[in-house]
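One file, my_file-v7.cif, carrying mmCIF, C-alpha atoms and all ligand atoms:
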data_work
#
loop_
_atom_site.group_PDB
_atom_site.id
_atom_site.type_symbol
_atom_site.label_atom_id
_atom_site.label_comp_id
_atom_site.auth_asym_id
_atom_site.auth_seq_id
_atom_site.Cartn_x
_atom_site.Cartn_y
_atom_site.Cartn_z
ATOM 1 C CA MET A 129 7.436 32.303 67.666
ATOM 2 C CA SER A 130 10.874 33.347 66.403
ATOM 3 C CA HIS A 131 13.103 35.414 68.713
ATOM 4 C CA PRO A 132 15.267 38.472 67.873
ATOM 5 C CA PHE A 133 18.269 36.489 69.169
ATOM 6 C CA THR A 134 19.944 33.095 68.833
ATOM 7 C CA VAL A 135 21.506 30.794 71.426
ATOM 8 C CA SER A 136 24.355 28.428 70.652
ATOM 9 C CA LEU A 137 26.561 26.111 72.679
ATOM 10 C CA VAL A 138 30.251 26.996 72.667
ATOM 11 C CA CYS A 139 33.429 25.918 74.410
ATOM 12 C CA TRP A 140 35.355 28.427 76.548
ATOM 13 C CA HIS A 141 38.161 28.573 73.984
ATOM 14 C CA ASP A 142 35.787 29.865 71.287
ATOM 15 C CA GLY A 143 33.494 32.036 73.385
ATOM 16 C CA GLU A 144 35.779 33.506 76.063
ATOM 17 C CA PRO A 145 35.810 37.244 75.132
ATOM 18 C CA LEU A 146 32.031 37.434 74.618
ATOM 19 C CA LEU A 147 31.165 35.273 77.642
ATOM 20 C CA LYS A 148 33.524 37.347 79.810
ATOM 21 C CA SER A 149 31.997 40.639 78.648
ATOM 22 C CA ILE A 150 28.509 39.558 79.772
ATOM 23 C CA ARG A 151 29.613 38.143 83.130
ATOM 24 C CA GLU A 152 31.774 41.196 83.880
ATOM 25 C CA ALA A 153 28.792 43.485 83.194
ATOM 26 C CA VAL A 154 26.209 41.443 85.119
ATOM 27 C CA PHE A 155 27.966 39.644 87.970
ATOM 28 C CA ILE A 156 31.023 41.816 88.656
ATOM 29 C CA ARG A 157 29.761 45.353 87.889
ATOM 30 C CA GLU A 158 25.988 45.054 88.470
ATOM 31 C CA GLN A 159 25.869 42.530 91.329
ATOM 32 C CA GLY A 160 29.270 43.300 92.913
ATOM 33 C CA VAL A 161 30.587 39.726 92.810
ATOM 34 C CA PRO A 162 34.371 39.813 93.460
ATOM 35 C CA ALA A 163 36.355 39.019 90.306
ATOM 36 C CA GLU A 164 38.308 36.266 92.080
ATOM 37 C CA LEU A 165 35.026 34.436 92.834
ATOM 38 C CA GLU A 166 33.587 34.984 89.356
ATOM 39 C CA TRP A 167 36.663 33.533 87.588
ATOM 40 C CA ASP A 168 36.736 30.262 89.514
ATOM 41 C CA GLY A 169 38.910 28.291 87.106
ATOM 42 C CA LEU A 170 36.055 25.958 86.074
ATOM 43 C CA ASP A 171 35.127 27.607 82.753
ATOM 44 C CA GLU A 172 37.532 25.550 80.643
ATOM 45 C CA SER A 173 35.743 22.355 81.688
ATOM 46 C CA CYS A 174 32.196 23.683 81.129
ATOM 47 C CA ARG A 175 29.807 23.660 78.195
ATOM 48 C CA HIS A 176 28.706 27.277 77.646
ATOM 49 C CA ALA A 177 25.566 28.768 76.107
ATOM 50 C CA LEU A 178 25.904 32.141 74.374
ATOM 51 C CA ALA A 179 23.009 34.343 73.248
ATOM 52 C CA LEU A 180 23.629 36.784 70.398
ATOM 53 C CA SER A 181 21.314 39.496 69.118
ATOM 54 C CA HIS A 182 20.579 39.494 65.417
ATOM 55 C CA GLN A 183 23.095 42.370 65.229
ATOM 56 C CA GLY A 184 25.731 39.957 66.554
ATOM 57 C CA ASP A 185 26.055 41.476 70.031
ATOM 58 C CA ALA A 186 26.556 39.152 73.019
ATOM 59 C CA ILE A 187 23.481 39.553 75.271
ATOM 60 C CA GLY A 188 23.398 36.512 77.571
ATOM 61 C CA CYS A 189 25.180 33.377 78.702
ATOM 62 C CA GLY A 190 25.179 30.336 80.994
ATOM 63 C CA ARG A 191 27.286 27.258 81.655
ATOM 64 C CA MET A 192 27.036 23.632 82.729
ATOM 65 C CA LEU A 193 29.767 21.707 84.573
ATOM 66 C CA ALA A 194 30.473 18.084 83.718
ATOM 67 C CA ASN A 195 28.652 17.075 86.944
ATOM 68 C CA GLY A 196 25.395 18.662 85.726
ATOM 69 C CA HIS A 197 25.648 21.857 87.741
ATOM 70 C CA ILE A 198 24.191 24.782 85.760
ATOM 71 C CA GLY A 199 25.220 28.329 86.620
ATOM 72 C CA ARG A 200 26.421 31.786 85.610
ATOM 73 C CA ILE A 201 23.154 32.457 83.779
ATOM 74 C CA ALA A 202 23.206 36.144 82.930
ATOM 75 C CA VAL A 203 21.279 38.398 80.565
ATOM 76 C CA LEU A 204 22.201 42.051 79.971
ATOM 77 C CA PRO A 205 19.656 44.353 81.710
ATOM 78 C CA GLN A 206 18.195 45.807 78.503
ATOM 79 C CA TRP A 207 17.451 42.277 77.236
ATOM 80 C CA ARG A 208 15.718 40.909 80.345
ATOM 81 C CA LYS A 209 12.108 39.697 80.381
ATOM 82 C CA LYS A 210 12.324 38.784 76.682
ATOM 83 C CA LYS A 211 12.908 35.037 77.255
ATOM 84 C CA VAL A 212 16.657 35.158 76.583
ATOM 85 C CA GLY A 213 17.322 33.463 79.945
ATOM 86 C CA THR A 214 14.710 30.842 79.142
ATOM 87 C CA ALA A 215 16.372 30.075 75.791
ATOM 88 C CA ILE A 216 19.790 29.795 77.464
ATOM 89 C CA MET A 217 18.437 27.357 80.070
ATOM 90 C CA GLU A 218 16.598 25.348 77.389
ATOM 91 C CA ALA A 219 19.816 25.008 75.357
ATOM 92 C CA LEU A 220 21.703 23.697 78.424
ATOM 93 C CA LEU A 221 18.866 21.322 79.384
ATOM 94 C CA GLU A 222 18.725 20.005 75.821
ATOM 95 C CA TYR A 223 22.470 19.365 75.987
ATOM 96 C CA ALA A 224 22.069 17.584 79.347
ATOM 97 C CA ARG A 225 19.234 15.384 78.041
ATOM 98 C CA ALA A 226 21.171 14.556 74.861
ATOM 99 C CA HIS A 227 24.093 13.426 77.044
ATOM 100 C CA ASP A 228 21.926 11.255 79.308
ATOM 101 C CA TYR A 229 22.134 13.359 82.440
ATOM 102 C CA LYS A 230 19.430 12.167 84.841
ATOM 103 C CA GLN A 231 19.458 15.329 86.948
ATOM 104 C CA VAL A 232 20.843 18.870 86.879
ATOM 105 C CA GLY A 233 21.247 21.354 89.716
ATOM 106 C CA VAL A 234 21.614 25.085 90.298
ATOM 107 C CA ASP A 235 22.538 27.417 93.146
ATOM 108 C CA ALA A 236 19.700 29.881 92.564
ATOM 109 C CA GLN A 237 19.705 33.460 93.761
ATOM 110 C CA THR A 238 16.503 33.582 95.784
ATOM 111 C CA TYR A 239 15.063 36.554 93.863
ATOM 112 C CA ALA A 240 15.209 34.393 90.701
ATOM 113 C CA LEU A 241 13.223 31.438 92.143
ATOM 114 C CA PRO A 242 10.275 31.986 89.734
ATOM 115 C CA PHE A 243 12.732 31.765 86.821
ATOM 116 C CA TYR A 244 13.863 28.280 87.944
ATOM 117 C CA HIS A 245 10.350 27.196 88.935
ATOM 118 C CA SER A 246 9.316 27.837 85.324
ATOM 119 C CA PHE A 247 11.504 24.805 84.374
ATOM 120 C CA ASP A 248 10.226 22.772 87.375
ATOM 121 C CA PHE A 249 13.426 23.014 89.441
ATOM 122 C CA VAL A 250 12.704 22.115 93.099
ATOM 123 C CA GLU A 251 14.393 23.693 96.153
ATOM 124 C CA ARG A 252 16.688 21.547 98.304
ATOM 125 C CA GLY A 253 17.925 22.624 101.749
ATOM 126 C CA LYS A 254 18.164 26.066 103.247
ATOM 127 C CA VAL A 255 19.079 29.523 101.989
ATOM 128 C CA PHE A 256 22.841 30.217 102.136
ATOM 129 C CA MET A 257 25.049 33.166 101.269
ATOM 130 C CA ASP A 258 27.466 33.057 98.341
ATOM 131 C CA ALA A 259 29.393 36.092 97.082
ATOM 132 C CA GLY A 260 27.263 38.139 99.508
ATOM 133 C CA LEU A 261 23.988 37.112 97.849
ATOM 134 C CA PRO A 262 21.269 34.747 99.198
ATOM 135 C CA HIS A 263 21.080 31.448 97.288
ATOM 136 C CA ILE A 264 19.260 28.128 97.529
ATOM 137 C CA LYS A 265 20.122 24.781 95.912
ATOM 138 C CA MET A 266 17.586 23.505 93.380
ATOM 139 C CA ASP A 267 17.403 20.274 91.371
ATOM 140 C CA LEU A 268 15.617 19.188 88.222
ATOM 141 C CA ARG A 269 15.155 15.525 87.322
ATOM 142 C CA LEU A 270 15.383 15.038 83.555
HETATM 143 C C1 LIG B 301 17.614 35.711 86.079
HETATM 144 C C2 LIG B 301 17.804 36.129 84.619
HETATM 145 C C3 LIG B 301 18.896 35.275 83.992
HETATM 146 C C4 LIG B 301 16.472 35.914 83.877
HETATM 147 O O1 LIG B 301 16.682 36.184 82.490
HETATM 148 P P1 LIG B 301 15.490 36.747 81.561
HETATM 149 O O2 LIG B 301 15.941 36.620 80.155
HETATM 150 O O3 LIG B 301 15.087 38.104 82.020
HETATM 151 O O4 LIG B 301 14.325 35.704 81.900
HETATM 152 P P2 LIG B 301 13.079 35.289 81.012
HETATM 153 O O5 LIG B 301 12.602 36.471 80.221
HETATM 154 O O6 LIG B 301 13.430 34.081 80.241
HETATM 155 O O7 LIG B 301 12.030 34.965 82.177
HETATM 156 C C5 LIG B 301 11.303 33.743 82.257
HETATM 157 C C6 LIG B 301 10.535 33.725 83.557
HETATM 158 O O8 LIG B 301 11.438 33.736 84.674
HETATM 159 C C7 LIG B 301 10.874 34.527 85.743
HETATM 160 N N1 LIG B 301 11.727 35.697 85.985
HETATM 161 C C8 LIG B 301 12.621 36.276 85.135
HETATM 162 N N2 LIG B 301 13.246 37.318 85.727
HETATM 163 C C9 LIG B 301 12.748 37.391 86.975
HETATM 164 C C10 LIG B 301 13.000 38.257 88.081
HETATM 165 N N3 LIG B 301 13.892 39.253 88.009
HETATM 166 N N4 LIG B 301 12.320 38.062 89.224
HETATM 167 C C11 LIG B 301 11.411 37.056 89.322
HETATM 168 N N5 LIG B 301 11.126 36.201 88.298
HETATM 169 C C12 LIG B 301 11.786 36.364 87.144
HETATM 170 C C13 LIG B 301 9.494 34.948 85.290
HETATM 171 O O9 LIG B 301 8.588 33.948 85.713
HETATM 172 C C14 LIG B 301 9.637 34.930 83.771
HETATM 173 O O10 LIG B 301 8.435 34.733 83.095
HETATM 174 P P3 LIG B 301 7.522 36.011 82.668
HETATM 175 O O11 LIG B 301 8.434 36.936 81.896
HETATM 176 O O12 LIG B 301 6.465 35.411 81.821
HETATM 177 O O13 LIG B 301 7.061 36.628 83.938
HETATM 178 C C15 LIG B 301 18.165 37.639 84.510
HETATM 179 O O14 LIG B 301 17.257 38.410 85.302
HETATM 180 C C16 LIG B 301 19.583 37.999 84.933
HETATM 181 O O15 LIG B 301 20.522 37.967 84.155
HETATM 182 N N6 LIG B 301 19.756 38.390 86.197
HETATM 183 C C17 LIG B 301 21.071 38.817 86.696
HETATM 184 C C18 LIG B 301 22.010 37.638 86.856
HETATM 185 C C19 LIG B 301 21.465 36.598 87.795
HETATM 186 O O16 LIG B 301 20.980 36.916 88.881
HETATM 187 N N7 LIG B 301 21.518 35.333 87.338
HETATM 188 C C20 LIG B 301 20.918 34.235 88.043
HETATM 189 C C21 LIG B 301 21.866 33.707 89.010
HETATM 190 S S1 LIG B 301 21.079 32.444 89.988
#
Entire entry expressed as structure tokens:
Amino acid sequence: MSHPFTVSLVCWHDGEPLLKSIREAVFIREQGVPAELEWDGLDESCRHALALSHQGDAIGCGRMLANGHIGRIAVLPQWRKKKVGTAIMEALLEYARAHDYKQVGVDAQTYALPFYHSFDFVERGKVFMDAGLPHIKMDLRL
């Protein structure tokens, strides 16, 4: 089935304004994550996924660190439940597989556990707080 959006992999240098606009809307304004935690200085070293609507608007994003840690997956509210997040995760997992990663990990917000279970991520350890929100570590063997 074709989607009304596309997902591509970009570097921070090319995607910064669009990636920032999504993360500001979702993490900083919607979820109340402090800006100094959101902009952690790691973006330059990450591979980023960017979802664009067919109109060219930025609607979702995610990133993977060189150590295989996937994070900052965000979809604008009006685009949720349309598989944009799934396509972002699939693009990052495809990148990880193509680069011979054996395992990837996430710090999942607990409300989003079913999202990560849909890719077969498995919980590791106990729930912890980060940026005021409950999280749990999850791993996926590739
Ligand atoms: C989590 C998030 C990225 C999911 O994106 P999405 O595009 O809506 O997800 P998808 O449409 O691809 O959903 C795939 C599956 O994940 C699960 N899922 C998605 N959103 C969910 C939610 N809010 N609660 C529970 N399960 C959810 C469902 O199983 C869903 O399948 P279904 O639609 O057949 O029920 C999105 O809700 C978001 O941006 N949230 C705010 C930012 C955030 O919390 N990011 C995650 C940080 S860990």
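Of the listed residues A:Asp248, A:Asp267, A:Asp235, A:Glu166, the one whose atoms come nearest to ligand LIG 301 (chain B) is A:Asp235, with distances taken using only C-alpha atoms and all ligand atoms.
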Taking only C-alpha atoms and all ligand atoms and a cut-off of 9 Å, can you tell me which residues surround ligand LIG 301 (chain B), written as an MDAnalysis selection string? chainID A and resid 151 154:155 158:159 188:190 199:205 207:217 234:247 263:264
Just checking: using only C-alpha atoms, which residue out of A:Ala163, A:Leu268, A:Ala153, A:Cys174 ends up closest to Trp140 in chain A? A:Cys174
CA of Ala186 in chain A and CA of Ser149 in chain A are how many Å apart?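 We find that CA of Ala186 in chain A and CA of Ser149 in chain A lie 8.0 Å from each other.
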Counting only C-alpha atoms, which of A:Ile156, A:Asp258, A:Met192, A:Trp167 gets nearest to Glu218 in chain A?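 The answer is A:Met192, which sits nearest to Glu218 in chain A.
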Just want the 6 Å neighbourhood of Phe133 in chain A, counted on all atoms listed in the file, with same-chain residues fewer than 4 positions away dropped. Output as a PyMOL selection string. chain A and resi 180-182
One decimal, Å: what's the distance from CA of Arg269 in chain A over to CA of Val135 in chain A, could you say?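 Going from CA of Arg269 in chain A over to CA of Val135 in chain A covers 22.9 Å.
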Could you state which residues are captured by the PyMOL selection byres (((chain A and resi 175) around 10) and not hetatm) in this file, as a PDB file with C-alpha atoms, keeping the file's coordinate frame?
ATOM      1  CA  LEU A 137      26.561  26.111  72.679  1.00  0.00           C
ATOM      2  CA  VAL A 138      30.251  26.996  72.667  1.00  0.00           C
ATOM      3  CA  CYS A 139      33.429  25.918  74.410  1.00  0.00           C
ATOM      4  CA  TRP A 140      35.355  28.427  76.548  1.00  0.00           C
ATOM      5  CA  ASP A 171      35.127  27.607  82.753  1.00  0.00           C
ATOM      6  CA  GLU A 172      37.532  25.550  80.643  1.00  0.00           C
ATOM      7  CA  SER A 173      35.743  22.355  81.688  1.00  0.00           C
ATOM      8  CA  CYS A 174      32.196  23.683  81.129  1.00  0.00           C
ATOM      9  CA  HIS A 176      28.706  27.277  77.646  1.00  0.00           C
ATOM     10  CA  ALA A 177      25.566  28.768  76.107  1.00  0.00           C
ATOM     11  CA  GLY A 190      25.179  30.336  80.994  1.00  0.00           C
ATOM     12  CA  ARG A 191      27.286  27.258  81.655  1.00  0.00           C
ATOM     13  CA  MET A 192      27.036  23.632  82.729  1.00  0.00           C
ATOM     14  CA  LEU A 193      29.767  21.707  84.573  1.00  0.00           C
ATOM     15  CA  ALA A 194      30.473  18.084  83.718  1.00  0.00           C
ATOM     16  CA  ILE A 198      24.191  24.782  85.760  1.00  0.00           C
ATOM     17  CA  LEU A 220      21.703  23.697  78.424  1.00  0.00           C
ATOM     18  CA  TYR A 223      22.470  19.365  75.987  1.00  0.00           C
ATOM     19  CA  ALA A 224      22.069  17.584  79.347  1.00  0.00           C
TER      20      ALA A 224
END
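Going from CA of Ala226 in chain A over to CA of Pro132 in chain A, you cover 25.6 Å.
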Exercise on range 144-153 of chain A, axis-aligned box with 8 Å per side, report centre and edge lengths in Å to one decimal, as JSON:
{"center_x": 32.2, "center_y": 38.5, "center_z": 79.2, "size_x": 23.3, "size_y": 26.0, "size_z": 25.3}
One residue among A:Glu164, A:Glu222, A:Asp228, A:Asp185 is nearest to Ala259 in chain A when using only C-alpha atoms, and that residue is A:Glu164
